[in-house]
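Shown here: structure12.cif, mmCIF, C-alpha atoms and all ligand atoms.
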```cif
data_upload
#
loop_
_atom_site.label_atom_id
_atom_site.label_comp_id
_atom_site.auth_asym_id
_atom_site.auth_seq_id
_atom_site.Cartn_x
_atom_site.Cartn_y
_atom_site.Cartn_z
CA MET C 37 0.00 0.00 0.00
CA MET C 38 1.26 3.49 -0.83
CA ARG C 39 2.06 5.95 1.92
CA LYS C 40 -0.53 8.75 2.37
CA VAL C 41 1.09 12.19 2.16
CA LEU C 42 -0.51 15.60 2.67
CA ILE C 43 0.02 18.18 -0.08
CA ALA C 44 0.09 21.37 1.99
CA THR C 45 -0.98 23.97 -0.57
CA ARG C 46 -4.28 25.51 -1.65
CA ASN C 47 -2.92 26.52 -5.05
CA PRO C 48 -4.78 24.20 -7.50
CA ASN C 49 -1.97 24.46 -10.11
CA LYS C 50 0.58 23.22 -7.62
CA VAL C 51 -1.72 20.43 -6.34
CA ARG C 52 -2.24 19.18 -9.90
CA GLU C 53 1.46 19.33 -10.75
CA LEU C 54 2.45 17.50 -7.57
CA GLN C 55 -0.28 14.87 -7.96
CA GLN C 56 0.68 14.10 -11.57
CA LEU C 57 4.32 13.61 -10.74
CA LEU C 58 3.97 11.85 -7.41
CA SER C 59 0.95 9.60 -7.95
CA SER C 60 3.11 6.53 -8.71
CA VAL C 61 5.03 6.94 -5.46
CA ILE C 62 2.57 8.19 -2.82
CA GLU C 63 -1.15 8.64 -2.25
CA CYS C 64 -1.69 12.43 -2.25
CA VAL C 65 -4.06 13.83 0.39
CA ALA C 66 -5.48 17.35 -0.11
CA LEU C 67 -5.37 19.98 2.61
CA PRO C 68 -8.66 19.87 4.59
CA GLU C 69 -11.00 22.82 3.88
CA GLU C 70 -11.03 23.82 7.52
CA ALA C 71 -7.24 23.88 7.92
CA PRO C 72 -6.15 27.38 9.01
CA GLU C 73 -3.87 29.57 6.87
CA VAL C 74 -0.21 29.58 7.89
CA ASP C 75 1.40 33.04 7.70
CA GLU C 76 4.29 33.12 5.26
CA ASP C 77 6.26 35.55 7.39
CA GLY C 78 9.71 33.93 7.20
CA SER C 79 12.75 35.66 5.75
CA SER C 80 13.60 32.81 3.37
CA PHE C 81 11.78 30.32 1.15
CA TYR C 82 13.11 27.61 3.43
CA GLU C 83 11.64 29.18 6.59
CA ASN C 84 8.19 29.53 5.00
CA ALA C 85 8.13 26.01 3.55
CA SER C 86 9.44 24.45 6.75
CA LYS C 87 6.86 26.29 8.87
CA LYS C 88 3.98 25.13 6.64
CA ALA C 89 5.25 21.53 6.67
CA ARG C 90 5.64 21.55 10.46
CA GLU C 91 2.24 23.11 11.26
CA TYR C 92 0.21 21.06 8.79
CA SER C 93 1.87 17.76 9.69
CA ARG C 94 1.18 18.46 13.35
CA LEU C 95 -2.45 19.21 12.50
CA THR C 96 -3.08 16.18 10.29
CA HIS C 97 -0.57 13.64 11.73
CA LEU C 98 0.43 12.87 8.13
CA PRO C 99 3.77 13.06 6.34
CA THR C 100 3.61 16.42 4.58
CA ILE C 101 4.95 18.15 1.48
CA ALA C 102 5.07 21.97 1.59
CA GLU C 103 6.84 24.43 -0.66
CA ASP C 104 7.59 28.09 -1.12
CA SER C 105 8.81 29.71 -4.29
CA GLY C 106 9.50 33.05 -5.90
CA LEU C 107 11.61 35.24 -8.11
CA GLU C 108 15.04 36.68 -7.25
CA VAL C 109 16.35 39.53 -9.42
CA ASP C 110 20.10 40.21 -9.24
CA ALA C 111 19.87 43.97 -9.93
CA LEU C 112 17.41 44.24 -7.00
CA ASN C 113 19.67 42.29 -4.61
CA GLY C 114 17.41 39.24 -4.71
CA ALA C 115 14.05 41.06 -4.48
CA PRO C 116 11.16 40.32 -4.63
CA GLY C 117 12.19 36.94 -3.10
CA VAL C 118 9.80 35.91 -0.31
CA PHE C 119 7.68 38.96 -1.18
CA SER C 120 7.06 37.75 -4.75
CA ALA C 121 3.28 37.35 -4.30
CA ARG C 122 2.90 40.86 -2.78
CA PHE C 123 5.73 42.86 -4.38
CA ALA C 124 3.46 45.80 -5.33
CA GLY C 125 1.55 45.72 -2.01
CA PRO C 126 -0.39 43.36 0.28
CA LEU C 127 -3.34 42.95 -2.11
CA ALA C 128 -1.38 43.10 -5.36
CA ASP C 129 -2.28 40.79 -8.23
CA ALA C 130 0.16 39.44 -10.82
CA GLY C 131 -0.50 42.37 -13.18
CA ALA C 132 0.41 44.92 -10.52
CA ASN C 133 3.49 42.93 -9.45
CA ASN C 134 4.72 42.70 -13.04
CA ARG C 135 4.22 46.44 -13.62
CA HIS C 136 6.07 47.17 -10.39
CA LEU C 137 8.97 44.93 -11.44
CA LEU C 138 9.26 46.66 -14.85
CA GLU C 139 9.23 50.02 -13.09
CA ARG C 140 12.00 49.00 -10.68
CA LEU C 141 14.13 47.78 -13.60
CA ARG C 142 13.56 50.81 -15.80
CA GLY C 143 16.84 51.90 -17.45
CA ILE C 144 18.61 48.62 -16.62
CA SER C 145 20.15 46.97 -19.68
CA SER C 146 19.30 43.48 -20.90
CA GLU C 147 22.55 41.90 -19.64
CA ASP C 148 21.97 43.27 -16.14
CA ARG C 149 18.40 41.95 -15.89
CA THR C 150 19.43 38.47 -14.75
CA ALA C 151 17.10 36.63 -12.37
CA ARG C 152 16.11 33.19 -11.15
CA PHE C 153 13.03 31.37 -9.99
CA VAL C 154 13.64 29.35 -6.84
CA CYS C 155 11.53 26.59 -5.26
CA CYS C 156 12.17 25.17 -1.82
CA MET C 157 10.24 21.97 -1.16
CA ILE C 158 10.07 20.23 2.21
CA TYR C 159 9.09 16.66 2.98
CA ARG C 160 8.35 16.16 6.66
CA GLU C 161 7.69 12.83 8.32
CA GLY C 162 7.49 12.64 12.12
CA ASP C 163 10.31 14.84 13.35
CA SER C 164 12.51 14.50 10.30
CA GLU C 165 12.62 17.02 7.52
CA HIS C 166 14.17 16.80 4.04
CA GLU C 167 14.74 19.79 1.78
CA PHE C 168 14.77 19.81 -2.05
CA ARG C 169 15.63 22.92 -4.07
CA GLY C 170 15.01 23.71 -7.71
CA GLU C 171 16.22 26.75 -9.59
CA VAL C 172 15.92 28.11 -13.12
CA ARG C 173 18.05 31.03 -14.32
CA GLY C 174 17.03 33.62 -16.90
CA ARG C 175 16.39 37.33 -17.33
CA ILE C 176 13.56 39.84 -17.06
CA ALA C 177 12.15 40.94 -20.43
CA PRO C 178 11.68 44.64 -21.28
CA GLN C 179 7.91 44.13 -21.63
CA LEU C 180 5.17 41.56 -20.95
CA SER C 181 4.80 38.76 -23.52
CA GLY C 182 2.49 35.74 -23.57
CA THR C 183 -0.66 34.72 -21.74
CA SER C 184 -0.11 31.23 -20.33
CA GLY C 185 1.22 30.37 -16.89
CA PHE C 186 0.88 32.70 -13.92
CA GLY C 187 2.71 35.26 -11.77
CA TYR C 188 5.89 36.60 -13.36
CA ASP C 189 5.80 34.18 -16.31
CA PRO C 190 5.12 36.95 -18.92
CA LEU C 191 8.40 38.66 -17.91
CA PHE C 192 10.73 35.70 -17.38
CA ILE C 193 12.92 34.45 -20.26
CA PRO C 194 14.80 31.30 -19.22
CA GLU C 195 18.46 30.95 -20.19
CA GLY C 196 18.92 29.52 -23.69
CA TYR C 197 15.48 30.73 -24.92
CA THR C 198 14.07 33.87 -26.52
CA GLN C 199 10.46 33.50 -25.39
CA THR C 200 9.02 34.06 -21.90
CA PHE C 201 7.55 31.26 -19.77
CA ALA C 202 4.11 32.69 -20.62
CA GLU C 203 4.76 32.16 -24.35
CA MET C 204 5.65 28.49 -23.82
CA THR C 205 3.39 25.46 -23.58
CA ALA C 206 2.87 24.23 -20.02
CA GLU C 207 4.85 21.10 -20.96
CA LEU C 208 7.92 23.09 -22.02
CA LYS C 209 7.82 25.39 -18.98
CA ASN C 210 7.31 22.46 -16.62
CA SER C 211 10.18 20.51 -18.17
CA MET C 212 12.64 23.11 -16.84
CA SER C 213 10.83 24.94 -14.03
CA HIS C 214 12.20 25.40 -10.53
CA ARG C 215 9.19 23.53 -9.09
CA TYR C 216 9.59 20.60 -11.47
CA GLN C 217 13.26 20.22 -10.55
CA ALA C 218 12.43 20.17 -6.84
CA ILE C 219 9.59 17.66 -7.41
CA ARG C 220 11.92 15.38 -9.40
CA GLN C 221 14.40 15.28 -6.54
CA LEU C 222 11.60 14.58 -4.07
CA THR C 223 10.20 11.81 -6.29
CA ALA C 224 13.62 10.15 -6.51
CA PHE C 225 13.96 10.35 -2.72
CA LEU C 226 10.52 8.80 -2.10
CA LYS C 227 11.08 6.04 -4.68
CA HIS C 228 14.41 5.16 -3.12
CA ARG C 229 12.81 4.93 0.31
CA GLY C 230 10.02 2.68 -0.95
P1 LIG V 301 3.97 30.95 -3.38
O1 LIG V 301 5.06 29.92 -3.38
O2 LIG V 301 2.62 30.38 -3.67
O3 LIG V 301 4.02 31.82 -2.15
O4 LIG V 301 4.22 31.87 -4.63
C1 LIG V 301 5.03 33.00 -4.58
C2 LIG V 301 4.93 33.87 -5.81
O5 LIG V 301 6.11 33.63 -6.59
C3 LIG V 301 3.77 33.64 -6.75
O6 LIG V 301 2.64 34.37 -6.39
C4 LIG V 301 4.36 34.19 -8.04
O7 LIG V 301 4.30 35.59 -8.04
C5 LIG V 301 5.81 33.79 -7.94
N1 LIG V 301 6.06 32.52 -8.63
C6 LIG V 301 6.39 31.33 -8.06
N2 LIG V 301 6.54 30.38 -9.01
C7 LIG V 301 6.28 30.99 -10.19
C8 LIG V 301 6.25 30.53 -11.55
O8 LIG V 301 6.46 29.34 -11.88
N3 LIG V 301 5.92 31.46 -12.48
C9 LIG V 301 5.66 32.75 -12.17
N4 LIG V 301 5.66 33.23 -10.94
C10 LIG V 301 5.98 32.35 -9.94
#
```
Could you quickly redo this structure as structure tokens?
Ligand code: IMP
Amino acid sequence: MMRKVLIATRNPNKVRELQQLLSSVIECVALPEEAPEVDEDGSSFYENASKKAREYSRLTHLPTIAEDSGLEVDALNGAPGVFSARFAGPLADAGANNRHLLERLRGISSEDRTARFVCCMIYREGDSEHEFRGEVRGRIAPQLSGTSGFGYDPLFIPEGYTQTFAEMTAELKNSMSHRYQAIRQLTAFLKHRG
């Protein structure tokens, strides 16, 4: 029988991605409706992911997968980082965050617009915690292009490509994304454990 593992996120895109990739290794359990929100108030992706994994595993008594991710821009000393979802303010949507990012990078040349997406994924079982990190490097485009994906996808051009993540098919983006790389490492770890 496969081990039941809680997927500690309410983001339906992430749940689907995790389920697809992990369904041969574990039985994925969704976060209960009534589970409280956990504040993402840490100063690193690791702190936020670890806190979610700890609190939700304590609540459900299940092994738990939690993750935190975001964009780090070199010319902004790693911002927006853990503030990626609310870069333009507490209630900002992706459109506002993207406009804010373009504004902050105004006048900065193409070669200095380097950035990376980072994903920190935690698997917690009992008192033991395992961390898996994925990263994809690229640069921030001078303007928005493309309509697929979410968040900063219309501004992010991965290294070796000329189109943004939002101009790619989901398959192509997922084949190189920070989240996919972290999930692959986690899958290998779970398979090895049996
Ligand atoms: P969280 O991990 O759900 O807190 O997401 C943090 C924020 O990082 C999202 O709201 C997006 O702004 C950004 N982000 C994380 N992963 C991606 C991605 O694959 N594409 C675009 N934006 C992303």
### range 90-98 of chain C environment, 12 Å, only C-alpha atoms, sequence neighbours closer than 2 positions dropped, as JSON, numbers by chain
{"C": [39, 40, 41, 42, 43, 44, 45, 63, 64, 65, 66, 67, 68, 70, 71, 72, 73, 74, 75, 76, 82, 83, 84, 85, 86, 87, 88, 100, 101, 102, 103, 158, 159, 160, 161, 162, 163, 164, 165, 166]}
Closest atom pairs, residues of chain C within 6 Å of ligand LIG 301 (chain V), all atoms listed in the file, as JSON lines:
```
{"residue": "C:Asp104", "atom": "CA", "partner": "V:LIG301", "partner_atom": "O1", "distance": 3.9}
{"residue": "C:Ser105", "atom": "CA", "partner": "V:LIG301", "partner_atom": "O1", "distance": 3.9}
{"residue": "C:Gly106", "atom": "CA", "partner": "V:LIG301", "partner_atom": "O5", "distance": 3.5}
{"residue": "C:Leu107", "atom": "CA", "partner": "V:LIG301", "partner_atom": "O5", "distance": 5.9}
{"residue": "C:Ser120", "atom": "CA", "partner": "V:LIG301", "partner_atom": "C2", "distance": 4.6}
{"residue": "C:Ala121", "atom": "CA", "partner": "V:LIG301", "partner_atom": "O6", "distance": 3.7}
{"residue": "C:Phe186", "atom": "CA", "partner": "V:LIG301", "partner_atom": "C9", "distance": 5.1}
{"residue": "C:Gly187", "atom": "CA", "partner": "V:LIG301", "partner_atom": "N4", "distance": 3.7}
{"residue": "C:Tyr188", "atom": "CA", "partner": "V:LIG301", "partner_atom": "C9", "distance": 4.0}
{"residue": "C:Asp189", "atom": "CA", "partner": "V:LIG301", "partner_atom": "C9", "distance": 4.4}
```
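Checking C:Gln55, C:Asn49, C:Gln217, C:Ser60 one by one against Cys156 in chain C, counting all atoms listed in the file, you find the shortest gap at C:Gln217.
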### Query
In terms of the shortest atom-to-atom distance over all atoms listed in the file, which of C:Lys209, C:Arg52, C:Ala151, C:Asp77 is closest to Arg122 in chain C?
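For Arg122 in chain C, the nearest of the candidates is C:Asp77.
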### Query
Between CA of Thr183 in chain C and CA of Leu127 in chain C, what is the spacing in Å?
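Separating CA of Leu127 in chain C from CA of Thr183 in chain C is a distance of 21.5 Å.
By chain and then residue number, the residues within 12 Å of Arg220 in chain C are Glu53, Leu54, Gln56, Leu57, Leu58, Val61, Cys155, Met157, Phe168, Arg169, Gly170, Asn210, Ser211, Met212, Ser213, His214, Arg215, Tyr216, Gln217, Ala218, Leu222, Thr223, Ala224, Phe225, Leu226 and Lys227 of chain C, counting all atoms listed in the file and disregarding those fewer than 2 positions away in sequence.
If you look at CA of Ala115 in chain C and CA of Arg175 in chain C, they are 13.6 Å away from each other.
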### Message
Need the shell around range 193-198 of chain C: protein/DNA/RNA residues with any atom at most 8 Å away, counting all atoms listed in the file. Skip same-chain ones fewer than 4 positions apart. Format as a ChimeraX atom specification?
### Response
/C:172-177
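Minimum atom-to-atom distance to Asp148 in chain C, evaluated using all atoms listed in the file, belongs to C:Pro178 out of C:Arg229, C:Ala130, C:Pro178, C:Ile62.
Note that the spacing between CA of Phe153 in chain C and CA of Phe201 in chain C amounts to 11.2 Å.
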Edge lengths and centre in Å to one decimal, as JSON, of the axis-aligned box that encloses all listed atoms of range 40-48 of chain C with 8 Å added on every side?
```
{"center_x": -1.8, "center_y": 17.6, "center_z": -2.4, "size_x": 21.9, "size_y": 33.8, "size_z": 26.2}
```
### Query
Counting only C-alpha atoms, which residues come within 6 Å of (7.2, 42.7, -14.7), with the point read in the file's coordinates, and could you list them as a list in words?
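Protein, DNA and RNA residues close to (7.2, 42.7, -14.7): Asn134, Arg135, Leu137, Leu138 and Leu191 of chain C.
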Store the residues picked out above in a file with C-alpha atoms, as an mmCIF file, in the coordinates of the input.
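out_0.cif written:
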```cif
data_model
loop_
_atom_site.group_PDB
_atom_site.id
_atom_site.type_symbol
_atom_site.label_atom_id
_atom_site.label_comp_id
_atom_site.auth_asym_id
_atom_site.auth_seq_id
_atom_site.Cartn_x
_atom_site.Cartn_y
_atom_site.Cartn_z
ATOM 1 C CA ASN C 134 4.720 42.700 -13.040
ATOM 2 C CA ARG C 135 4.220 46.440 -13.620
ATOM 3 C CA LEU C 137 8.970 44.930 -11.440
ATOM 4 C CA LEU C 138 9.260 46.660 -14.850
ATOM 5 C CA LEU C 191 8.400 38.660 -17.910
#
```
